[in-house]
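**Q** coords.pdb (PDB, C-alpha atoms, pLDDT in the B column) pasted underneath:
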ATOM      1  CA  MET A  66     -25.824  -4.415  16.494  1.00 69.00           C
ATOM      2  CA  THR A  67     -29.163  -2.635  16.068  1.00 82.00           C
ATOM      3  CA  TRP A  68     -27.397   0.657  15.377  1.00 78.00           C
ATOM      4  CA  VAL A  69     -25.087  -0.999  12.839  1.00 81.00           C
ATOM      5  CA  LEU A  70     -27.961  -2.613  10.923  1.00 83.00           C
ATOM      6  CA  ALA A  71     -29.873   0.651  10.890  1.00 83.00           C
ATOM      7  CA  ASN A  72     -26.883   2.633   9.615  1.00 82.00           C
ATOM      8  CA  LEU A  73     -25.236   0.368   7.042  1.00 86.00           C
ATOM      9  CA  GLY A  74     -25.595   3.089   4.413  1.00 90.00           C
ATOM     10  CA  LEU A  75     -23.745   5.580   6.621  1.00 89.00           C
ATOM     11  CA  ILE A  76     -20.952   3.103   7.368  1.00 89.00           C
ATOM     12  CA  TRP A  77     -20.558   2.329   3.647  1.00 93.00           C
ATOM     13  CA  ALA A  78     -20.460   6.041   2.759  1.00 93.00           C
ATOM     14  CA  ARG A  79     -17.803   6.761   5.387  1.00 92.00           C
ATOM     15  CA  THR A  80     -15.822   3.727   4.167  1.00 94.00           C
ATOM     16  CA  LEU A  81     -15.802   5.102   0.617  1.00 95.00           C
ATOM     17  CA  ASP A  82     -14.711   8.499   1.952  1.00 94.00           C
ATOM     18  CA  HIS A  83     -11.913   6.732   3.818  1.00 94.00           C
ATOM     19  CA  VAL A  84     -10.744   4.916   0.686  1.00 95.00           C
ATOM     20  CA  VAL A  85     -10.734   8.161  -1.324  1.00 95.00           C
ATOM     21  CA  LEU A  86      -8.534   9.799   1.313  1.00 94.00           C
ATOM     22  CA  SER A  87      -6.212   6.792   1.683  1.00 95.00           C
ATOM     23  CA  LEU A  88      -5.367   5.843  -1.897  1.00 95.00           C
ATOM     24  CA  PRO A  89      -3.760   9.106  -3.162  1.00 95.00           C
ATOM     25  CA  PRO A  90      -1.187   9.341  -0.314  1.00 95.00           C
ATOM     26  CA  ILE A  91      -0.184   5.697  -0.761  1.00 95.00           C
ATOM     27  CA  VAL A  92       0.377   6.102  -4.501  1.00 95.00           C
ATOM     28  CA  LEU A  93       1.976   9.553  -4.336  1.00 95.00           C
ATOM     29  CA  CYS A  94       4.409   8.685  -1.551  1.00 94.00           C
ATOM     30  CA  PHE A  95       5.742   5.755  -3.586  1.00 95.00           C
ATOM     31  CA  VAL A  96       6.141   7.877  -6.725  1.00 95.00           C
ATOM     32  CA  VAL A  97       8.056  10.578  -4.817  1.00 94.00           C
ATOM     33  CA  ALA A  98      10.018   8.296  -2.478  1.00 94.00           C
ATOM     34  CA  VAL A  99      11.592   6.154  -5.244  1.00 93.00           C
ATOM     35  CA  PRO A 100      13.676   8.967  -6.815  1.00 92.00           C
ATOM     36  CA  LEU A 101      14.483  10.426  -3.391  1.00 93.00           C
ATOM     37  CA  GLY A 102      15.597   7.022  -2.116  1.00 91.00           C
ATOM     38  CA  TRP A 103      17.709   6.550  -5.241  1.00 90.00           C
ATOM     39  CA  LEU A 104      19.423   9.898  -4.625  1.00 90.00           C
ATOM     40  CA  ALA A 105      19.980   8.996  -0.968  1.00 88.00           C
ATOM     41  CA  ARG A 106      21.651   5.741  -1.971  1.00 87.00           C
ATOM     42  CA  ARG A 107      23.716   7.066  -4.852  1.00 83.00           C
ATOM     43  CA  TYR A 108      25.209  10.235  -3.341  1.00 82.00           C
ATOM     44  CA  ARG A 109      26.772  10.298   0.121  1.00 81.00           C
ATOM     45  CA  LEU A 110      26.024  13.993   0.733  1.00 82.00           C
ATOM     46  CA  SER A 111      22.377  13.774  -0.257  1.00 85.00           C
ATOM     47  CA  ARG A 112      21.884  10.605   1.808  1.00 86.00           C
ATOM     48  CA  GLY A 113      22.431  12.365   5.120  1.00 86.00           C
ATOM     49  CA  ILE A 114      20.277  15.352   4.159  1.00 90.00           C
ATOM     50  CA  ILE A 115      17.368  13.327   2.740  1.00 90.00           C
ATOM     51  CA  LEU A 116      17.223  10.651   5.430  1.00 89.00           C
ATOM     52  CA  THR A 117      17.588  13.139   8.278  1.00 90.00           C
ATOM     53  CA  GLY A 118      14.905  15.343   6.773  1.00 90.00           C
ATOM     54  CA  ALA A 119      12.589  12.350   6.385  1.00 88.00           C
ATOM     55  CA  GLY A 120      13.137  11.344  10.005  1.00 88.00           C
ATOM     56  CA  LEU A 121      12.389  14.855  11.261  1.00 88.00           C
ATOM     57  CA  LEU A 122       9.276  15.060   9.083  1.00 87.00           C
ATOM     58  CA  TYR A 123       7.876  11.833  10.489  1.00 86.00           C
ATOM     59  CA  ALA A 124       8.376  13.191  14.013  1.00 87.00           C
ATOM     60  CA  VAL A 125       5.884  16.023  13.393  1.00 87.00           C
ATOM     61  CA  PRO A 126       2.499  15.183  15.025  1.00 86.00           C
ATOM     62  CA  SER A 127      -0.241  14.618  12.458  1.00 84.00           C
ATOM     63  CA  LEU A 128      -2.929  16.920  13.848  1.00 83.00           C
ATOM     64  CA  PRO A 129      -0.731  20.052  14.132  1.00 86.00           C
ATOM     65  CA  LEU A 130       0.559  19.385  10.606  1.00 87.00           C
ATOM     66  CA  ILE A 131      -2.993  19.241   9.247  1.00 86.00           C
ATOM     67  CA  PHE A 132      -3.755  22.534  11.017  1.00 86.00           C
ATOM     68  CA  VAL A 133      -0.620  24.235   9.636  1.00 88.00           C
ATOM     69  CA  LEU A 134      -0.981  23.116   6.010  1.00 89.00           C
ATOM     70  CA  PRO A 135      -3.885  25.461   5.106  1.00 87.00           C
ATOM     71  CA  ALA A 136      -1.728  28.468   5.976  1.00 86.00           C
ATOM     72  CA  VAL A 137       1.096  27.114   3.813  1.00 87.00           C
ATOM     73  CA  ILE A 138      -0.795  25.935   0.702  1.00 87.00           C
ATOM     74  CA  GLY A 139      -3.803  28.248   0.893  1.00 86.00           C
ATOM     75  CA  THR A 140      -6.574  25.669   1.306  1.00 84.00           C
ATOM     76  CA  SER A 141      -9.482  25.851   3.733  1.00 85.00           C
ATOM     77  CA  LEU A 142      -9.111  24.114   7.076  1.00 81.00           C
ATOM     78  CA  LEU A 143     -11.867  21.624   6.238  1.00 83.00           C
ATOM     79  CA  SER A 144     -10.426  20.673   2.849  1.00 88.00           C
ATOM     80  CA  PRO A 145      -9.621  16.956   2.415  1.00 89.00           C
ATOM     81  CA  VAL A 146      -6.528  18.076   0.479  1.00 91.00           C
ATOM     82  CA  ASN A 147      -4.850  18.903   3.793  1.00 90.00           C
ATOM     83  CA  VAL A 148      -5.241  15.309   4.982  1.00 92.00           C
ATOM     84  CA  ILE A 149      -4.033  13.881   1.664  1.00 93.00           C
ATOM     85  CA  ILE A 150      -0.916  16.079   1.609  1.00 92.00           C
ATOM     86  CA  ALA A 151      -0.101  15.405   5.266  1.00 92.00           C
ATOM     87  CA  LEU A 152      -0.387  11.644   4.822  1.00 94.00           C
ATOM     88  CA  THR A 153       1.630  11.787   1.616  1.00 94.00           C
ATOM     89  CA  LEU A 154       4.431  13.520   3.520  1.00 93.00           C
ATOM     90  CA  TYR A 155       4.336  10.853   6.243  1.00 93.00           C
ATOM     91  CA  GLY A 156       4.402   8.117   3.609  1.00 94.00           C
ATOM     92  CA  ILE A 157       7.401   9.712   1.908  1.00 94.00           C
ATOM     93  CA  ALA A 158       9.185   9.984   5.256  1.00 92.00           C
ATOM     94  CA  LEU A 159       8.704   6.255   5.807  1.00 92.00           C
ATOM     95  CA  MET A 160       9.444   5.069   2.274  1.00 94.00           C
ATOM     96  CA  VAL A 161      12.581   7.092   1.503  1.00 93.00           C
ATOM     97  CA  ARG A 162      14.718   5.056   3.875  1.00 91.00           C
ATOM     98  CA  VAL A 163      13.044   1.820   2.747  1.00 93.00           C
ATOM     99  CA  VAL A 164      13.851   2.596  -0.895  1.00 93.00           C
ATOM    100  CA  SER A 165      17.433   3.512  -0.045  1.00 91.00           C
ATOM    101  CA  ASP A 166      17.948   0.343   2.010  1.00 89.00           C
ATOM    102  CA  GLY A 167      16.210  -1.766  -0.625  1.00 91.00           C
ATOM    103  CA  LEU A 168      18.497  -0.531  -3.386  1.00 88.00           C
ATOM    104  CA  ASP A 169      21.483  -1.033  -1.089  1.00 88.00           C
ATOM    105  CA  SER A 170      20.468  -4.677  -0.700  1.00 86.00           C
ATOM    106  CA  VAL A 171      21.112  -5.339  -4.405  1.00 85.00           C
ATOM    107  CA  ASP A 172      24.442  -7.152  -4.688  1.00 84.00           C
ATOM    108  CA  ALA A 173      27.278  -5.046  -6.104  1.00 82.00           C
ATOM    109  CA  ASP A 174      28.288  -7.942  -8.387  1.00 84.00           C
ATOM    110  CA  VAL A 175      24.826  -7.852  -9.949  1.00 84.00           C
ATOM    111  CA  ARG A 176      25.208  -4.152 -10.714  1.00 82.00           C
ATOM    112  CA  GLN A 177      28.636  -4.694 -12.217  1.00 82.00           C
ATOM    113  CA  SER A 178      27.366  -7.579 -14.329  1.00 87.00           C
ATOM    114  CA  ALA A 179      24.480  -5.450 -15.614  1.00 84.00           C
ATOM    115  CA  SER A 180      26.870  -2.620 -16.509  1.00 81.00           C
ATOM    116  CA  ALA A 181      29.182  -5.093 -18.260  1.00 84.00           C
ATOM    117  CA  MET A 182      26.216  -6.277 -20.336  1.00 84.00           C
ATOM    118  CA  GLY A 183      25.669  -2.733 -21.593  1.00 80.00           C
ATOM    119  CA  TYR A 184      22.954  -1.443 -19.281  1.00 77.00           C
ATOM    120  CA  SER A 185      23.005   2.316 -18.815  1.00 81.00           C
ATOM    121  CA  THR A 186      22.548   3.784 -15.343  1.00 77.00           C
ATOM    122  CA  TRP A 187      18.835   4.336 -15.859  1.00 82.00           C
ATOM    123  CA  SER A 188      18.110   1.049 -17.604  1.00 84.00           C
ATOM    124  CA  ARG A 189      20.050  -0.799 -14.891  1.00 85.00           C
ATOM    125  CA  PHE A 190      17.951   0.937 -12.256  1.00 82.00           C
ATOM    126  CA  TRP A 191      14.597   0.162 -13.879  1.00 85.00           C
ATOM    127  CA  GLN A 192      15.361  -3.328 -15.161  1.00 85.00           C
ATOM    128  CA  VAL A 193      17.733  -4.692 -12.519  1.00 86.00           C
ATOM    129  CA  GLU A 194      17.979  -2.772  -9.261  1.00 86.00           C
ATOM    130  CA  LEU A 195      14.332  -1.790  -8.756  1.00 86.00           C
ATOM    131  CA  PRO A 196      12.923  -5.291  -9.465  1.00 87.00           C
ATOM    132  CA  LEU A 197      15.459  -6.916  -7.140  1.00 88.00           C
ATOM    133  CA  ALA A 198      14.659  -4.369  -4.417  1.00 88.00           C
ATOM    134  CA  GLY A 199      10.943  -5.005  -4.978  1.00 88.00           C
ATOM    135  CA  PRO A 200      10.332  -7.282  -1.961  1.00 91.00           C
ATOM    136  CA  VAL A 201      11.871  -4.715   0.392  1.00 92.00           C
ATOM    137  CA  LEU A 202       9.813  -1.928  -1.176  1.00 93.00           C
ATOM    138  CA  LEU A 203       6.658  -4.023  -0.921  1.00 94.00           C
ATOM    139  CA  ALA A 204       7.255  -4.589   2.785  1.00 93.00           C
ATOM    140  CA  GLY A 205       7.638  -0.842   3.263  1.00 94.00           C
ATOM    141  CA  MET A 206       4.503  -0.070   1.265  1.00 94.00           C
ATOM    142  CA  ARG A 207       2.505  -2.480   3.418  1.00 94.00           C
ATOM    143  CA  VAL A 208       3.534  -0.506   6.495  1.00 95.00           C
ATOM    144  CA  VAL A 209       2.693   2.774   4.748  1.00 95.00           C
ATOM    145  CA  ALA A 210      -0.720   1.510   3.652  1.00 95.00           C
ATOM    146  CA  VAL A 211      -1.742   0.343   7.116  1.00 95.00           C
ATOM    147  CA  SER A 212      -0.459   3.492   8.833  1.00 94.00           C
ATOM    148  CA  THR A 213      -2.167   5.717   6.238  1.00 94.00           C
ATOM    149  CA  VAL A 214      -5.533   4.016   6.707  1.00 95.00           C
ATOM    150  CA  SER A 215      -5.110   4.505  10.440  1.00 93.00           C
ATOM    151  CA  LEU A 216      -4.058   8.163  10.247  1.00 92.00           C
ATOM    152  CA  VAL A 217      -6.925   9.145   7.935  1.00 93.00           C
ATOM    153  CA  THR A 218      -9.198   8.941  10.982  1.00 92.00           C
ATOM    154  CA  VAL A 219      -7.401  11.953  12.499  1.00 90.00           C
ATOM    155  CA  GLY A 220      -8.981  14.163   9.843  1.00 88.00           C
ATOM    156  CA  ALA A 221     -12.374  13.634  11.464  1.00 88.00           C
ATOM    157  CA  VAL A 222     -11.261  15.929  14.306  1.00 87.00           C
ATOM    158  CA  ILE A 223     -11.343  18.895  11.890  1.00 85.00           C
ATOM    159  CA  GLY A 224     -14.490  17.716  10.121  1.00 85.00           C
ATOM    160  CA  VAL A 225     -13.100  15.724   7.174  1.00 87.00           C
ATOM    161  CA  GLN A 226     -15.489  12.814   6.649  1.00 89.00           C
ATOM    162  CA  SER A 227     -14.073   9.292   7.022  1.00 90.00           C
ATOM    163  CA  LEU A 228     -14.509   6.290   9.264  1.00 91.00           C
ATOM    164  CA  GLY A 229     -13.010   8.483  11.958  1.00 90.00           C
ATOM    165  CA  SER A 230     -16.287  10.428  11.878  1.00 90.00           C
ATOM    166  CA  LEU A 231     -17.919   7.391  13.455  1.00 89.00           C
ATOM    167  CA  PHE A 232     -15.463   7.726  16.361  1.00 89.00           C
ATOM    168  CA  THR A 233     -16.080  11.428  16.956  1.00 89.00           C
ATOM    169  CA  ASP A 234     -19.844  11.200  16.472  1.00 89.00           C
ATOM    170  CA  GLY A 235     -20.068   8.102  18.643  1.00 88.00           C
ATOM    171  CA  PHE A 236     -18.128   9.786  21.462  1.00 87.00           C
ATOM    172  CA  GLN A 237     -20.224  12.948  21.268  1.00 88.00           C
ATOM    173  CA  ARG A 238     -23.531  11.060  21.252  1.00 87.00           C
ATOM    174  CA  GLY A 239     -22.455   8.254  23.566  1.00 86.00           C
ATOM    175  CA  ILE A 240     -23.178   5.518  21.022  1.00 85.00           C
ATOM    176  CA  GLN A 241     -20.706   2.721  21.716  1.00 90.00           C
ATOM    177  CA  ALA A 242     -21.864   0.632  18.747  1.00 90.00           C
ATOM    178  CA  GLU A 243     -20.942   3.482  16.381  1.00 88.00           C
ATOM    179  CA  ILE A 244     -17.436   3.709  17.842  1.00 89.00           C
ATOM    180  CA  ILE A 245     -16.932  -0.055  17.582  1.00 91.00           C
ATOM    181  CA  ALA A 246     -18.277  -0.054  14.006  1.00 91.00           C
ATOM    182  CA  GLY A 247     -15.754   2.621  13.046  1.00 90.00           C
ATOM    183  CA  LEU A 248     -12.929   0.705  14.690  1.00 92.00           C
ATOM    184  CA  VAL A 249     -13.813  -2.616  13.056  1.00 93.00           C
ATOM    185  CA  ALA A 250     -14.302  -0.999   9.651  1.00 93.00           C
ATOM    186  CA  THR A 251     -10.944   0.801   9.884  1.00 94.00           C
ATOM    187  CA  VAL A 252      -9.086  -2.388  10.826  1.00 94.00           C
ATOM    188  CA  GLY A 253     -10.886  -4.315   8.080  1.00 95.00           C
ATOM    189  CA  LEU A 254      -9.991  -1.677   5.494  1.00 95.00           C
ATOM    190  CA  ALA A 255      -6.342  -1.726   6.577  1.00 95.00           C
ATOM    191  CA  LEU A 256      -6.277  -5.518   6.197  1.00 96.00           C
ATOM    192  CA  LEU A 257      -7.909  -5.194   2.761  1.00 95.00           C
ATOM    193  CA  PHE A 258      -5.236  -2.732   1.604  1.00 96.00           C
ATOM    194  CA  ASP A 259      -2.502  -4.963   2.980  1.00 95.00           C
ATOM    195  CA  GLY A 260      -3.919  -8.007   1.215  1.00 95.00           C
ATOM    196  CA  ALA A 261      -4.227  -6.082  -2.041  1.00 95.00           C
ATOM    197  CA  LEU A 262      -0.543  -5.124  -1.859  1.00 94.00           C
ATOM    198  CA  VAL A 263       0.479  -8.714  -1.151  1.00 94.00           C
ATOM    199  CA  LEU A 264      -1.539  -9.872  -4.160  1.00 93.00           C
ATOM    200  CA  ALA A 265      -0.057  -7.126  -6.331  1.00 91.00           C
ATOM    201  CA  GLY A 266       3.428  -8.182  -5.239  1.00 90.00           C
ATOM    202  CA  ARG A 267       2.777 -11.766  -6.293  1.00 89.00           C
ATOM    203  CA  VAL A 268       1.495 -10.624  -9.684  1.00 89.00           C
ATOM    204  CA  LEU A 269       4.219  -8.050 -10.369  1.00 85.00           C
ATOM    205  CA  MET A 270       7.110 -10.037  -8.862  1.00 83.00           C
ATOM    206  CA  PRO A 271       6.494 -13.694  -9.774  1.00 82.00           C
ATOM    207  CA  TRP A 272      10.214 -14.466  -9.469  1.00 71.00           C
ATOM    208  CA  THR A 273      10.004 -14.071  -5.685  1.00 68.00           C
ATOM    209  CA  ARG A 274       7.690 -17.087  -5.528  1.00 65.00           C
ATOM    210  CA  ARG A 275      10.105 -19.157  -7.613  1.00 58.00           C
ATOM    211  CA  ILE A 276      13.023 -18.181  -5.368  1.00 53.00           C
ATOM    212  CA  THR A 277      11.048 -19.150  -2.261  1.00 51.00           C
ATOM    213  CA  ALA A 278      10.016 -22.463  -3.785  1.00 52.00           C
ATOM    214  CA  ALA A 279      13.610 -23.203  -4.819  1.00 51.00           C
ATOM    215  CA  LYS A 280      15.015 -22.812  -1.303  1.00 52.00           C
ATOM    216  CA  PRO A 281      15.968 -26.222   0.085  1.00 52.00           C
ATOM    217  CA  SER A 282      14.217 -27.288   3.231  1.00 49.00           C
ATOM    218  CA  ALA A 283      16.221 -27.779   6.420  1.00 47.00           C
ATOM    219  CA  PRO A 284      17.579 -31.324   6.786  1.00 50.00           C
ATOM    220  CA  VAL A 285      15.770 -33.530   9.249  1.00 43.00           C
ATOM    221  CA  GLU A 286      17.988 -35.242  11.755  1.00 49.00           C
ATOM    222  CA  VAL A 287      17.052 -38.820  12.532  1.00 41.00           C
ATOM    223  CA  SER A 288      18.511 -40.239  15.696  1.00 43.00           C
ATOM    224  CA  ALA A 289      19.465 -43.846  15.863  1.00 42.00           C
ATOM    225  CA  ALA A 290      17.112 -46.027  17.855  1.00 36.00           C
TER     226      ALA A 290
END
As a first step, turn the structure in this file into structure tokens.

**A**
Amino acid sequence: MTWVLANLGLIWARTLDHVVLSLPPIVLCFVVAVPLGWLARRYRLSRGIILTGAGLLYAVPSLPLIFVLPAVIGTSLLSPVNVIIALTLYGIALMVRVVSDGLDSVDADVRQSASAMGYSTWSRFWQVELPLAGPVLLAGMRVVAVSTVSLVTVGAVIGVQSLGSLFTDGFQRGIQAEIIAGLVATVGLALLFDGALVLAGRVLMPWTRRITAAKPSAPVEVSAA
């Protein structure tokens, strides 16, 4: 506790570094995964290629990927860009299948009704299919957010500052309080991101609350005395 109180400024600085590294991958993976998931759902040939590629990508270990990226994109090994790109790729690998499955969950009768009302393919996607698939996409984004916050710590191994730096520095110097502080701060940040996504889902998808409230409760059986 003494170490924590004496180093609150350091913990706050590493937390801000962690947020800066976490937010871009979460946003970018969603932006890229939505059109890829749409292609995977709409075309049978592309579905196998995209989903298989995403599965193989997610199987690549994070640390070797971060080491390989500088040779591919021309950045320095210590550049935070490597971590951001690697985590974006992992997020895309997770979200592509979620987007595809979410769009698949939209009832075919709903699509036909929207087309009969004059919706074009794109307007039907943006105004009907994507909103209805929203709860599934939100669930996937919550997983991506938590896993991204966790994986950011790996960058500390190559010198990219984050809460993971408290782990590596604490191990090297034998300061257990520093390691625990990094762990608690990482878990707390992951919970904060998750809560923010839940709140955003309630704001952006208010109809999900109405649907939940409208569901009838299970009947209560009363046995005769």

**Q** Expressed in Å to a single decimal, how great is the separation between atom CA of A:Leu93 and atom CA of A:Ile157?

**A**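 For atom CA of A:Leu93 relative to atom CA of A:Ile157, the distance reads 8.3 Å.
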
**Q** I'd like to know which of A:Gly156, A:Val201, A:Gly167, A:Gln192 is closest to A:Ala179, using all atoms listed in the file.

**A**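 Answer, going by the shortest atom-to-atom distance: A:Gln192.
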
**Q** Taking the file above as input, evaluate the PyMOL selection byres ((chain A and resi 106) around 10) and report the hits as a list of chain:residue names.

**A**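 On this input, the PyMOL selection byres ((chain A and resi 106) around 10) captures A:Pro100, A:Leu101, A:Gly102, A:Trp103, A:Leu104, A:Ala105, A:Arg107, A:Tyr108, A:Arg109, A:Leu110, A:Ser111, A:Arg112, A:Gly113, A:Ile115, A:Leu116, A:Val161, A:Arg162, A:Val164, A:Ser165, A:Asp166, A:Gly167, A:Leu168, A:Asp169.
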
**Q** Output the selection as a PDB file, in the coordinates of the input - C-alpha atoms for each residue.

**A**
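So part28.pdb came out as:
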ATOM      1  CA  PRO A 100      13.676   8.967  -6.815  1.00 92.00           C
ATOM      2  CA  LEU A 101      14.483  10.426  -3.391  1.00 93.00           C
ATOM      3  CA  GLY A 102      15.597   7.022  -2.116  1.00 91.00           C
ATOM      4  CA  TRP A 103      17.709   6.550  -5.241  1.00 90.00           C
ATOM      5  CA  LEU A 104      19.423   9.898  -4.625  1.00 90.00           C
ATOM      6  CA  ALA A 105      19.980   8.996  -0.968  1.00 88.00           C
ATOM      7  CA  ARG A 107      23.716   7.066  -4.852  1.00 83.00           C
ATOM      8  CA  TYR A 108      25.209  10.235  -3.341  1.00 82.00           C
ATOM      9  CA  ARG A 109      26.772  10.298   0.121  1.00 81.00           C
ATOM     10  CA  LEU A 110      26.024  13.993   0.733  1.00 82.00           C
ATOM     11  CA  SER A 111      22.377  13.774  -0.257  1.00 85.00           C
ATOM     12  CA  ARG A 112      21.884  10.605   1.808  1.00 86.00           C
ATOM     13  CA  GLY A 113      22.431  12.365   5.120  1.00 86.00           C
ATOM     14  CA  ILE A 115      17.368  13.327   2.740  1.00 90.00           C
ATOM     15  CA  LEU A 116      17.223  10.651   5.430  1.00 89.00           C
ATOM     16  CA  VAL A 161      12.581   7.092   1.503  1.00 93.00           C
ATOM     17  CA  ARG A 162      14.718   5.056   3.875  1.00 91.00           C
ATOM     18  CA  VAL A 164      13.851   2.596  -0.895  1.00 93.00           C
ATOM     19  CA  SER A 165      17.433   3.512  -0.045  1.00 91.00           C
ATOM     20  CA  ASP A 166      17.948   0.343   2.010  1.00 89.00           C
ATOM     21  CA  GLY A 167      16.210  -1.766  -0.625  1.00 91.00           C
ATOM     22  CA  LEU A 168      18.497  -0.531  -3.386  1.00 88.00           C
ATOM     23  CA  ASP A 169      21.483  -1.033  -1.089  1.00 88.00           C
TER      24      ASP A 169
END

**Q** For A:Ser212, which residue out of A:Leu143, A:Leu152, A:Ala265, A:Leu134 is the nearest one, using all atoms listed in the file?

**A**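 Answer, going by the shortest atom-to-atom distance: A:Leu152.
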
**Q** Determine, counting all atoms listed in the file, which protein, DNA and RNA residues have an atom within 12 Å of an atom of A:Cys94; residues of the same chain fewer than 2 positions away are not included. Present the result as an MDAnalysis selection string.

**A** chainID A and resid 87:92 96:102 119 149:161 163:164 202 205:206 209:210 213

**Q** Box in all listed atoms of stretch 255-264 of chain A, axis-aligned, with 5 Å more on each side; write out centre and edge lengths in Å to one decimal as JSON.

**A**
{"center_x": -3.7, "center_y": -5.8, "center_z": 1.2, "size_x": 18.4, "size_y": 18.1, "size_z": 20.7}

**Q** Residues within 12 Å of A:Pro196, please, as a PDB file with C-alpha atoms, in the frame of the given file. Count all atoms listed in the file; anything in the same chain fewer than 2 positions from it doesn't count.

**A**
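Final file, part.pdb:
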ATOM      1  CA  VAL A 164      13.851   2.596  -0.895  1.00 93.00           C
ATOM      2  CA  GLY A 167      16.210  -1.766  -0.625  1.00 91.00           C
ATOM      3  CA  LEU A 168      18.497  -0.531  -3.386  1.00 88.00           C
ATOM      4  CA  SER A 170      20.468  -4.677  -0.700  1.00 86.00           C
ATOM      5  CA  VAL A 171      21.112  -5.339  -4.405  1.00 85.00           C
ATOM      6  CA  SER A 188      18.110   1.049 -17.604  1.00 84.00           C
ATOM      7  CA  ARG A 189      20.050  -0.799 -14.891  1.00 85.00           C
ATOM      8  CA  PHE A 190      17.951   0.937 -12.256  1.00 82.00           C
ATOM      9  CA  TRP A 191      14.597   0.162 -13.879  1.00 85.00           C
ATOM     10  CA  GLN A 192      15.361  -3.328 -15.161  1.00 85.00           C
ATOM     11  CA  VAL A 193      17.733  -4.692 -12.519  1.00 86.00           C
ATOM     12  CA  GLU A 194      17.979  -2.772  -9.261  1.00 86.00           C
ATOM     13  CA  ALA A 198      14.659  -4.369  -4.417  1.00 88.00           C
ATOM     14  CA  GLY A 199      10.943  -5.005  -4.978  1.00 88.00           C
ATOM     15  CA  PRO A 200      10.332  -7.282  -1.961  1.00 91.00           C
ATOM     16  CA  VAL A 201      11.871  -4.715   0.392  1.00 92.00           C
ATOM     17  CA  LEU A 202       9.813  -1.928  -1.176  1.00 93.00           C
ATOM     18  CA  LEU A 203       6.658  -4.023  -0.921  1.00 94.00           C
ATOM     19  CA  GLY A 266       3.428  -8.182  -5.239  1.00 90.00           C
ATOM     20  CA  LEU A 269       4.219  -8.050 -10.369  1.00 85.00           C
ATOM     21  CA  MET A 270       7.110 -10.037  -8.862  1.00 83.00           C
ATOM     22  CA  PRO A 271       6.494 -13.694  -9.774  1.00 82.00           C
ATOM     23  CA  TRP A 272      10.214 -14.466  -9.469  1.00 71.00           C
ATOM     24  CA  THR A 273      10.004 -14.071  -5.685  1.00 68.00           C
TER      25      THR A 273
END

**Q** Can you tell me how far atom CA of A:Asp174 sits from atom CA of A:Leu195, in Å to one decimal?

**A**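 About the pair atom CA of A:Asp174 and atom CA of A:Leu195: they are 15.3 Å apart.
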
**Q** Report the distance between atom CA of A:Val175 and atom CA of A:Leu262 in Å, rounded to one decimal place.

**A** 26.8 Å

**Q** Looking at A:Ala242, A:Gly235, A:Gly120, A:Val214, which one is nearest to A:Leu257, with distances taken over all atoms listed in the file?

**A**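 Closest to A:Leu257 of all the choices is A:Val214.
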
**Q** Taking the file above as input, evaluate the PyMOL selection byres ((chain A and resi 75-83) around 9) and report the hits as a compact mmCIF listing (two decimals) with C-alpha atoms, keeping the file's coordinate frame.

**A**
# COMPACT_ATOMS: atom_id res chain seq x y z
CA VAL A 69 -25.09 -1.00 12.84
CA ALA A 71 -29.87 0.65 10.89
CA ASN A 72 -26.88 2.63 9.62
CA LEU A 73 -25.24 0.37 7.04
CA GLY A 74 -25.60 3.09 4.41
CA VAL A 84 -10.74 4.92 0.69
CA VAL A 85 -10.73 8.16 -1.32
CA LEU A 86 -8.53 9.80 1.31
CA SER A 87 -6.21 6.79 1.68
CA LEU A 88 -5.37 5.84 -1.90
CA VAL A 214 -5.53 4.02 6.71
CA VAL A 217 -6.92 9.14 7.94
CA THR A 218 -9.20 8.94 10.98
CA GLN A 226 -15.49 12.81 6.65
CA SER A 227 -14.07 9.29 7.02
CA LEU A 228 -14.51 6.29 9.26
CA GLY A 229 -13.01 8.48 11.96
CA SER A 230 -16.29 10.43 11.88
CA LEU A 231 -17.92 7.39 13.46
CA ALA A 246 -18.28 -0.05 14.01
CA GLY A 247 -15.75 2.62 13.05
CA ALA A 250 -14.30 -1.00 9.65
CA THR A 251 -10.94 0.80 9.88
CA LEU A 254 -9.99 -1.68 5.49

**Q** Output stretch 156-167 of chain A from the block with C-alpha atoms, as an mmCIF file, in the first residue's frame?

**A**
data_model
loop_
_atom_site.group_PDB
_atom_site.id
_atom_site.type_symbol
_atom_site.label_atom_id
_atom_site.label_comp_id
_atom_site.auth_asym_id
_atom_site.auth_seq_id
_atom_site.Cartn_x
_atom_site.Cartn_y
_atom_site.Cartn_z
ATOM 1 C CA GLY A 156 -10.344 -7.669 -32.725
ATOM 2 C CA ILE A 157 -11.259 -8.090 -36.387
ATOM 3 C CA ALA A 158 -10.666 -11.837 -36.130
ATOM 4 C CA LEU A 159 -13.111 -12.017 -33.226
ATOM 5 C CA MET A 160 -15.749 -9.636 -34.570
ATOM 6 C CA VAL A 161 -16.046 -10.882 -38.160
ATOM 7 C CA ARG A 162 -17.795 -14.075 -37.119
ATOM 8 C CA VAL A 163 -19.898 -12.191 -34.554
ATOM 9 C CA VAL A 164 -21.089 -9.750 -37.227
ATOM 10 C CA SER A 165 -21.851 -12.568 -39.651
ATOM 11 C CA ASP A 166 -23.786 -14.545 -37.028
ATOM 12 C CA GLY A 167 -25.556 -11.409 -35.828
#
